[in-house]
Every structure is written in structure tokens, then in C-alpha cells.
Amino acid sequence: MIENPRAEAALRQLKFRDPEIARRLVRTIERVTHEIGRSPVSVMHVCGSHEQAISKFGLRATFPKDLNVIMGPGCPVCITDMPEVDEGVALARQGCVVASYGDMLRVRGTALSLNDAQAEGASVEVVYSATQAVELARAMPDREVVFFATGFETTAVATAAIVRGNLPKNFSILSAHKYIPPAMEIVAEMPETRVEGFLAAGHAATITGWGIFEPFVERHRIPVVVAGFEPLDILAGLARLVELVRDGEPAVVNMFPRCVTREGNLRAQEELWSVFRPIGGRWRGIAHVPNGNLRLRDEWAHVDARRRFTIDLAALWDGVPPALAADCVCGDIMSGISAPTDCKLFGKECVPDAPVGACMVSSEGACRIWHQYGGHPNLEAL
Amino acid sequence: MCLGVPGRVVSVREGFAEVDFWGVRREVCLDIVDEPVAPGDYILNHVGFAIRRIPAEDIEQTLALYETLLEEAADGGDLMAADVRSEISATGKK
């Protein structure tokens, strides 16, 4: 029998591919969390798509109240640092055509976003892929086209693949790519979060392989479970994770074998590391992350926008950030210290149509996701 | 930017595959896929690149989530469904 009537109510309302399996997994999570005997037990995932699925399918309503499932720095748009956005804005104002993934346009740098630059008359184009940015450059041979390359290792491998292909002379890359494993180290060490286990993102691990988490587990003695995106995948991943926490067993467990292997996609890794090198840098609102940023290697200097152009950022730093930004707690939310609903701007001054912080802009930001679906749905009240 | 989308390979030519995503046929780059692909295989597409050939026995489970999402996609307001649609848009036009 399920001890938690809230979970039982939620299970009746939520749609699962196999409700009986869902019910069993929810019971396991409930029982094992209870056996841990501490409250709260906090585990973290680091993926916007995980948060979307958890919130969309109302999974938090099925978790025991002692289990805290928090979203860490898993939104690539959100953690792109302000000076990186400034570089894109400056290049657009200097006459380059800046091609960017769409979610990035509304995120402010120090004072301006790419959208603001576009409104002033600068050329900013939305692309869905790096390949489309290259096509754009081919279609405008008399313009300099800069691809503002953002995202984690999953999108960085796509950028790497185009860098190694044939590129037109008027094309270059402004890399703001980020690499997740070092950021997990930082968050694991933050005393405020007390994360006892990580749920790793399945599709990023498709590239890196689950073996990449072994040194992390060794160093921090915290278990990592790789999970997919189906509601049942997430419940199964969490059930295994709380078992590892209960047993004090720091290990990596792969609960998404249909997409993830131990060594990952070696060909993609080879492309990634032949094009990029890791360097330290700030993640917006979080911290300086050693080896957390991906920059083009010297041999690709000819396609590196930072080396091709003199980027004038000083002009942007005269701009004043909006006053509300001072109250935004995106950084604490991405570090897992605060929930979106802890922010006094959430749903009031800060909404998807008029976002204050990056977490409300991106479809992978915790605030945007909670605003659409609710983070802690109360299904009994429906 | 984190959720890949599965599709069925229709044909393969020089570095690209024509892939069927629930009736929409698009071109996906094969530069970084982990295994050779052939017509009938399923791949996981991420921003226009195949990042994984999905083992045949796992396809049904993999497709289920997306089918749920796309059934709801009609209203256009859902974040996950929108991400799936933009992943499909990230591929090349046929």
C-alpha cells in the first residue's frame, strides 16, 4: 500500500505508459526515502528537459515530501554569462550578422539582449542548427556571419562537426559552449545545496558515456544515475538513485541503456575535443567553473570570431541593467539553493512575456517551466 | 537544446540520411553518428545531427514519449512539444 495519499491521488490523475509500473516505482521511491530516515533528502538533476518532463507530467506530486528533487545548472541559455551575450550584441552592432539559437535572443547581457540589438537595426537571425548558420553565410557572401554557439556538449558536437567541414570565408564562431561535468563538481561542493545524488541527463551522456561520471563519484562520494526523459524513465532513475543514497553506495548506474553506453559516442567525442579545449569561466549566477567553458583550439583560430574581430564591449557597459534585475535570484535557483517560487518576482514582475531573469526566458529554464506547468502541482485540489 | 528526437532512416547518401519524423521527411547529418546507419534504422537527431543509432529492440519505448508530446502539440503552447518541433526544424529540408 502506498503510504502517501497525495501520491496515490497523483497517480490516478497522471497519464503513464504503464500505470502499474509507475505505481510500483512511486512506492519504491516512497519506501526507500523513508528508510533513509533523514529529511529532506535532496537530489539534483542538471537538465532542462528533465525538469520539463517532471513538471509537465506532475511527477513531484508523487514524490514523498521528504524527497527534494531540484534542478541544477541544466539550462544552457540561462548559464550563458552576461559578457558572452555582450560579445554577441557587440558583434551585431559592429555590422556582423549574428546567427543564434532562438531562446538566446531575449537573454540580456550587461544591459542589452540580441533582441534589443535587432530592434536597433542590427542583423540577428534565428537558426535551429549550426548547419543553418553556415547556409546563411553562403546565402550572404558579402556579409560576415557569426554563429553564436551556445549549449552543452550535445550542441557543441554539432558545432564541432561544422567547424571540421567546409566553411565559407565569411563565417566564424563565437563559442559560449559549456561542459556540464565540471559544473556538477562545483554544485556538489556548495554547502548550501547538500546534494546527495545526481540524476544525469540521458542525451548528453549519449555523447560523453556514463563512464565520465566515475571520477566524479570517486571524488565526491555521491551517486550518479543516468536517466531518460519518459516519466517512467525518470521515476526509475530516481528509485535507483534513492536506493544508492540509502545504501551509502557512491556508484554510477546507467538507467538509460537504450541510448547510453559506458564509453559513449567516441566519434562525437573525438570531433568535440579536436575542435574545442576546456577553459575556466563564469557560469551566469553560479560561479567560476574550472574547465566549464569550451573555446576553439588554436588550429581553428581562422574561424574564431574572438580572434577575427576586435570586439568592443566597453560601449555596452555604459548601459544600465534594469532595476528589477537586482532582485532576480536565478543564480540561487540554478545552484539549487532556491526554488522559482522563492523569488518575489516570480509570476508577478517576471513572466514569460516580460522576463527579468534568464530562467524565465528559456524553455529549459526552471522559472519558465514552473510558470507553465507548476513545479509542485496539488492534484488533490483539481 | 537537450532533448534529441528519434526518426526512421528512409535513405542514406554521402554523409546524410533522409529521415522520417512522424511523416515529416528531413535531412540529418551523419558526421558524428556512433554506428553506420541503413534504411529502416532509427536514429536520435539532435540539432540536425544523428548522435545515436537506436537499437531495434528499444525503438518502441523510445518513441512513446514523443508520441504523447506530439498528440498534444496541436495547441502550440507546450514547452516540451515546442522543443521537439524545433529539433525537427533543425534538420535540413528535403
# chains A, B, ... in the order shown; residues from 1 in each chain; ligands from 1
$ residues_around --residues "B:Val28" --least-positions-apart "3" --cutoff "8 Å" --atoms "only C-alpha atoms" --output "PDB file with N, CA and C atoms, in the first residue's frame"
ATOM      1  N   PHE B  16      24.730  12.031 -45.323  1.00  0.00           N
ATOM      2  CA  PHE B  16      23.412  12.472 -44.862  1.00  0.00           C
ATOM      3  C   PHE B  16      22.397  11.331 -44.952  1.00  0.00           C
ATOM      4  N   ALA B  17      21.378  11.410 -44.101  1.00  0.00           N
ATOM      5  CA  ALA B  17      20.279  10.451 -44.203  1.00  0.00           C
ATOM      6  C   ALA B  17      18.984  11.233 -44.384  1.00  0.00           C
ATOM      7  N   GLU B  18      18.099  10.658 -45.205  1.00  0.00           N
ATOM      8  CA  GLU B  18      16.736  11.189 -45.244  1.00  0.00           C
ATOM      9  C   GLU B  18      15.996  10.455 -44.141  1.00  0.00           C
ATOM     10  N   VAL B  19      15.400  11.235 -43.227  1.00  0.00           N
ATOM     11  CA  VAL B  19      14.812  10.635 -42.027  1.00  0.00           C
ATOM     12  C   VAL B  19      13.349  11.042 -41.909  1.00  0.00           C
ATOM     13  N   ASN B  45      18.102  12.262 -33.393  1.00  0.00           N
ATOM     14  CA  ASN B  45      18.546  13.512 -34.015  1.00  0.00           C
ATOM     15  C   ASN B  45      18.676  14.600 -32.953  1.00  0.00           C
ATOM     16  N   GLY B  48      20.027  18.641 -35.766  1.00  0.00           N
ATOM     17  CA  GLY B  48      20.350  18.355 -37.158  1.00  0.00           C
ATOM     18  C   GLY B  48      21.397  17.274 -37.372  1.00  0.00           C
ATOM     19  N   PHE B  49      21.893  16.697 -36.284  1.00  0.00           N
ATOM     20  CA  PHE B  49      22.908  15.656 -36.371  1.00  0.00           C
ATOM     21  C   PHE B  49      22.411  14.374 -35.694  1.00  0.00           C
ATOM     22  N   ALA B  50      22.669  13.228 -36.339  1.00  0.00           N
ATOM     23  CA  ALA B  50      22.356  11.965 -35.672  1.00  0.00           C
ATOM     24  C   ALA B  50      23.442  11.722 -34.632  1.00  0.00           C
ATOM     25  N   THR B  91      16.798  20.080 -38.739  1.00  0.00           N
ATOM     26  CA  THR B  91      17.321  19.227 -39.808  1.00  0.00           C
ATOM     27  C   THR B  91      17.238  19.985 -41.119  1.00  0.00           C
ATOM     28  N   GLY B  92      17.864  19.400 -42.161  1.00  0.00           N
ATOM     29  CA  GLY B  92      17.840  20.058 -43.474  1.00  0.00           C
ATOM     30  C   GLY B  92      16.549  19.765 -44.212  1.00  0.00           C
TER      31      GLY B  92
END
$ interface_residues --of "chain B" --to "chain A" --cutoff "9 Å" --atoms "only C-alpha atoms" --output "number ranges by chain"
B: 1-4, 31-35, 44, 46-49, 51-55, 57-59, 61-62, 64-66, 78-80, 82-83, 86-92
$ select_by_dssp --residues "stretch 26-84 of chain B" --states "alpha helix (DSSP H)" --output "list of chain:residue names"
B:Ile59, B:Glu60, B:Gln61, B:Thr62, B:Leu63, B:Ala64, B:Leu65, B:Tyr66, B:Glu67, B:Thr68, B:Leu69, B:Leu70, B:Glu71, B:Leu79, B:Met80, B:Ala81, B:Ala82, B:Asp83, B:Val84
$ write_last_selection --atoms "C-alpha atoms" --output "compact mmCIF listing (two decimals), in the first residue's frame"
# COMPACT_ATOMS: atom_id res chain seq x y z
CA ILE B 59 12.54 1.72 -30.50
CA GLU B 60 9.04 1.27 -29.21
CA GLN B 61 9.91 2.55 -25.72
CA THR B 62 11.87 5.44 -27.17
CA LEU B 63 9.03 6.64 -29.40
CA ALA B 64 6.33 6.59 -26.72
CA LEU B 65 7.25 9.89 -25.05
CA TYR B 66 7.35 11.77 -28.34
CA GLU B 67 4.04 10.37 -29.45
CA THR B 68 2.45 11.60 -26.24
CA LEU B 69 4.02 15.02 -26.79
CA LEU B 70 3.06 15.33 -30.43
CA GLU B 71 -0.54 14.34 -29.73
CA LEU B 79 7.25 23.75 -23.95
CA MET B 80 8.32 20.15 -24.49
CA ALA B 81 6.30 19.79 -27.67
CA ALA B 82 7.79 23.05 -28.94
CA ASP B 83 11.31 21.74 -28.23
CA VAL B 84 10.54 18.57 -30.16
$ select_by_dssp --residues "stretch 137-293 of chain A" --states "strand (DSSP E or B)" --output "ChimeraX atom specification"
/A:145-149,171-175,178,197-201,224-227,252-254,276-283,287-293
$ atom_distance --atom1 "atom CA of A:Cys350" --atom2 "atom CA of A:Asn115"
17.6 Å
$ closest_residue --among "A:Val43, A:Val69, A:Leu105, A:Val145" --to "A:Val361" --atoms "only C-alpha atoms"
A:Leu105
$ decode --residues "stretch 62-106 of chain A" --atoms "N, CA and C atoms" --output "PDB file, in the first residue's frame"
ATOM      1  N   THR A  62       3.947  13.037  -6.929  1.00  0.00           N
ATOM      2  CA  THR A  62       4.041  11.640  -6.497  1.00  0.00           C
ATOM      3  C   THR A  62       5.224  11.402  -5.562  1.00  0.00           C
ATOM      4  N   PHE A  63       6.121  12.396  -5.441  1.00  0.00           N
ATOM      5  CA  PHE A  63       7.304  12.185  -4.597  1.00  0.00           C
ATOM      6  C   PHE A  63       6.921  12.342  -3.127  1.00  0.00           C
ATOM      7  N   PRO A  64       7.566  11.590  -2.260  1.00  0.00           N
ATOM      8  CA  PRO A  64       7.324  11.799  -0.833  1.00  0.00           C
ATOM      9  C   PRO A  64       7.810  13.191  -0.424  1.00  0.00           C
ATOM     10  N   LYS A  65       7.188  13.749   0.632  1.00  0.00           N
ATOM     11  CA  LYS A  65       7.516  15.140   0.976  1.00  0.00           C
ATOM     12  C   LYS A  65       8.960  15.285   1.469  1.00  0.00           C
ATOM     13  N   ASP A  66       9.552  14.192   1.901  1.00  0.00           N
ATOM     14  CA  ASP A  66      10.945  14.258   2.358  1.00  0.00           C
ATOM     15  C   ASP A  66      11.962  14.238   1.214  1.00  0.00           C
ATOM     16  N   LEU A  67      11.488  13.995   0.001  1.00  0.00           N
ATOM     17  CA  LEU A  67      12.411  13.944  -1.138  1.00  0.00           C
ATOM     18  C   LEU A  67      12.321  15.254  -1.914  1.00  0.00           C
ATOM     19  N   ASN A  68      13.472  15.898  -2.038  1.00  0.00           N
ATOM     20  CA  ASN A  68      13.553  17.174  -2.720  1.00  0.00           C
ATOM     21  C   ASN A  68      14.287  16.953  -4.042  1.00  0.00           C
ATOM     22  N   VAL A  69      13.564  17.058  -5.162  1.00  0.00           N
ATOM     23  CA  VAL A  69      14.204  16.868  -6.465  1.00  0.00           C
ATOM     24  C   VAL A  69      14.385  18.243  -7.087  1.00  0.00           C
ATOM     25  N   ILE A  70      15.636  18.697  -7.156  1.00  0.00           N
ATOM     26  CA  ILE A  70      15.871  20.071  -7.581  1.00  0.00           C
ATOM     27  C   ILE A  70      16.604  20.129  -8.912  1.00  0.00           C
ATOM     28  N   MET A  71      16.341  21.215  -9.623  1.00  0.00           N
ATOM     29  CA  MET A  71      17.021  21.416 -10.897  1.00  0.00           C
ATOM     30  C   MET A  71      18.283  22.223 -10.662  1.00  0.00           C
ATOM     31  N   GLY A  72      19.393  21.712 -11.142  1.00  0.00           N
ATOM     32  CA  GLY A  72      20.659  22.441 -11.039  1.00  0.00           C
ATOM     33  C   GLY A  72      20.926  23.247 -12.299  1.00  0.00           C
ATOM     34  N   PRO A  73      22.190  23.456 -12.613  1.00  0.00           N
ATOM     35  CA  PRO A  73      22.544  24.306 -13.759  1.00  0.00           C
ATOM     36  C   PRO A  73      22.355  23.575 -15.083  1.00  0.00           C
ATOM     37  N   GLY A  74      21.104  23.275 -15.429  1.00  0.00           N
ATOM     38  CA  GLY A  74      20.849  22.453 -16.614  1.00  0.00           C
ATOM     39  C   GLY A  74      20.222  23.199 -17.769  1.00  0.00           C
ATOM     40  N   CYS A  75      20.205  24.518 -17.678  1.00  0.00           N
ATOM     41  CA  CYS A  75      19.616  25.303 -18.768  1.00  0.00           C
ATOM     42  C   CYS A  75      20.744  26.067 -19.452  1.00  0.00           C
ATOM     43  N   PRO A  76      21.133  25.640 -20.660  1.00  0.00           N
ATOM     44  CA  PRO A  76      22.306  26.240 -21.296  1.00  0.00           C
ATOM     45  C   PRO A  76      22.139  27.734 -21.572  1.00  0.00           C
ATOM     46  N   VAL A  77      20.919  28.126 -21.927  1.00  0.00           N
ATOM     47  CA  VAL A  77      20.682  29.544 -22.190  1.00  0.00           C
ATOM     48  C   VAL A  77      20.892  30.352 -20.907  1.00  0.00           C
ATOM     49  N   CYS A  78      20.410  29.779 -19.780  1.00  0.00           N
ATOM     50  CA  CYS A  78      20.448  30.517 -18.511  1.00  0.00           C
ATOM     51  C   CYS A  78      21.866  30.740 -18.006  1.00  0.00           C
ATOM     52  N   ILE A  79      22.749  29.776 -18.221  1.00  0.00           N
ATOM     53  CA  ILE A  79      24.077  29.897 -17.631  1.00  0.00           C
ATOM     54  C   ILE A  79      25.071  30.598 -18.559  1.00  0.00           C
ATOM     55  N   THR A  80      24.638  30.925 -19.786  1.00  0.00           N
ATOM     56  CA  THR A  80      25.499  31.723 -20.663  1.00  0.00           C
ATOM     57  C   THR A  80      25.712  33.068 -19.984  1.00  0.00           C
ATOM     58  N   ASP A  81      26.980  33.435 -19.801  1.00  0.00           N
ATOM     59  CA  ASP A  81      27.274  34.588 -18.952  1.00  0.00           C
ATOM     60  C   ASP A  81      27.018  35.909 -19.685  1.00  0.00           C
ATOM     61  N   MET A  82      26.752  36.940 -18.905  1.00  0.00           N
ATOM     62  CA  MET A  82      26.420  38.241 -19.493  1.00  0.00           C
ATOM     63  C   MET A  82      27.487  38.745 -20.465  1.00  0.00           C
ATOM     64  N   PRO A  83      28.787  38.687 -20.118  1.00  0.00           N
ATOM     65  CA  PRO A  83      29.783  39.174 -21.081  1.00  0.00           C
ATOM     66  C   PRO A  83      29.776  38.392 -22.407  1.00  0.00           C
ATOM     67  N   GLU A  84      29.333  37.125 -22.362  1.00  0.00           N
ATOM     68  CA  GLU A  84      29.246  36.363 -23.610  1.00  0.00           C
ATOM     69  C   GLU A  84      28.110  36.892 -24.490  1.00  0.00           C
ATOM     70  N   VAL A  85      26.965  37.202 -23.847  1.00  0.00           N
ATOM     71  CA  VAL A  85      25.873  37.826 -24.600  1.00  0.00           C
ATOM     72  C   VAL A  85      26.338  39.180 -25.134  1.00  0.00           C
ATOM     73  N   ASP A  86      27.073  39.920 -24.280  1.00  0.00           N
ATOM     74  CA  ASP A  86      27.597  41.219 -24.719  1.00  0.00           C
ATOM     75  C   ASP A  86      28.437  41.085 -25.986  1.00  0.00           C
ATOM     76  N   GLU A  87      29.258  40.039 -26.054  1.00  0.00           N
ATOM     77  CA  GLU A  87      30.089  39.849 -27.247  1.00  0.00           C
ATOM     78  C   GLU A  87      29.223  39.691 -28.493  1.00  0.00           C
ATOM     79  N   GLY A  88      28.149  38.906 -28.362  1.00  0.00           N
ATOM     80  CA  GLY A  88      27.234  38.722 -29.494  1.00  0.00           C
ATOM     81  C   GLY A  88      26.563  40.029 -29.887  1.00  0.00           C
ATOM     82  N   VAL A  89      26.112  40.775 -28.880  1.00  0.00           N
ATOM     83  CA  VAL A  89      25.445  42.063 -29.134  1.00  0.00           C
ATOM     84  C   VAL A  89      26.439  43.018 -29.816  1.00  0.00           C
ATOM     85  N   ALA A  90      27.675  43.066 -29.299  1.00  0.00           N
ATOM     86  CA  ALA A  90      28.682  43.983 -29.862  1.00  0.00           C
ATOM     87  C   ALA A  90      28.975  43.626 -31.320  1.00  0.00           C
ATOM     88  N   LEU A  91      29.107  42.322 -31.609  1.00  0.00           N
ATOM     89  CA  LEU A  91      29.398  41.915 -32.991  1.00  0.00           C
ATOM     90  C   LEU A  91      28.243  42.305 -33.919  1.00  0.00           C
ATOM     91  N   ALA A  92      27.008  42.145 -33.437  1.00  0.00           N
ATOM     92  CA  ALA A  92      25.849  42.519 -34.262  1.00  0.00           C
ATOM     93  C   ALA A  92      25.857  44.028 -34.524  1.00  0.00           C
ATOM     94  N   ARG A  93      26.190  44.794 -33.471  1.00  0.00           N
ATOM     95  CA  ARG A  93      26.234  46.256 -33.640  1.00  0.00           C
ATOM     96  C   ARG A  93      27.386  46.691 -34.526  1.00  0.00           C
ATOM     97  N   GLN A  94      28.452  45.868 -34.569  1.00  0.00           N
ATOM     98  CA  GLN A  94      29.603  46.204 -35.413  1.00  0.00           C
ATOM     99  C   GLN A  94      29.365  45.836 -36.874  1.00  0.00           C
ATOM    100  N   GLY A  95      28.183  45.310 -37.188  1.00  0.00           N
ATOM    101  CA  GLY A  95      27.859  45.052 -38.596  1.00  0.00           C
ATOM    102  C   GLY A  95      27.862  43.594 -39.002  1.00  0.00           C
ATOM    103  N   CYS A  96      28.194  42.692 -38.082  1.00  0.00           N
ATOM    104  CA  CYS A  96      28.134  41.270 -38.422  1.00  0.00           C
ATOM    105  C   CYS A  96      26.675  40.814 -38.380  1.00  0.00           C
ATOM    106  N   VAL A  97      26.398  39.742 -39.118  1.00  0.00           N
ATOM    107  CA  VAL A  97      25.111  39.068 -38.963  1.00  0.00           C
ATOM    108  C   VAL A  97      25.327  38.015 -37.878  1.00  0.00           C
ATOM    109  N   VAL A  98      24.593  38.112 -36.765  1.00  0.00           N
ATOM    110  CA  VAL A  98      24.762  37.136 -35.693  1.00  0.00           C
ATOM    111  C   VAL A  98      23.638  36.108 -35.775  1.00  0.00           C
ATOM    112  N   ALA A  99      24.030  34.846 -35.966  1.00  0.00           N
ATOM    113  CA  ALA A  99      23.055  33.752 -36.031  1.00  0.00           C
ATOM    114  C   ALA A  99      23.052  33.044 -34.681  1.00  0.00           C
ATOM    115  N   SER A 100      21.857  32.801 -34.130  1.00  0.00           N
ATOM    116  CA  SER A 100      21.777  32.265 -32.767  1.00  0.00           C
ATOM    117  C   SER A 100      20.588  31.332 -32.641  1.00  0.00           C
ATOM    118  N   TYR A 101      20.701  30.364 -31.701  1.00  0.00           N
ATOM    119  CA  TYR A 101      19.522  29.592 -31.320  1.00  0.00           C
ATOM    120  C   TYR A 101      18.501  30.569 -30.723  1.00  0.00           C
ATOM    121  N   GLY A 102      17.220  30.298 -30.984  1.00  0.00           N
ATOM    122  CA  GLY A 102      16.176  31.281 -30.719  1.00  0.00           C
ATOM    123  C   GLY A 102      16.046  31.731 -29.272  1.00  0.00           C
ATOM    124  N   ASP A 103      16.162  30.783 -28.326  1.00  0.00           N
ATOM    125  CA  ASP A 103      15.961  31.125 -26.915  1.00  0.00           C
ATOM    126  C   ASP A 103      16.956  32.170 -26.418  1.00  0.00           C
ATOM    127  N   MET A 104      18.094  32.251 -27.107  1.00  0.00           N
ATOM    128  CA  MET A 104      19.176  33.137 -26.653  1.00  0.00           C
ATOM    129  C   MET A 104      18.851  34.609 -26.892  1.00  0.00           C
ATOM    130  N   LEU A 105      17.924  34.890 -27.818  1.00  0.00           N
ATOM    131  CA  LEU A 105      17.730  36.272 -28.261  1.00  0.00           C
ATOM    132  C   LEU A 105      17.234  37.199 -27.169  1.00  0.00           C
ATOM    133  N   ARG A 106      16.407  36.667 -26.267  1.00  0.00           N
ATOM    134  CA  ARG A 106      15.792  37.555 -25.275  1.00  0.00           C
ATOM    135  C   ARG A 106      16.592  37.634 -23.974  1.00  0.00           C
TER     136      ARG A 106
END
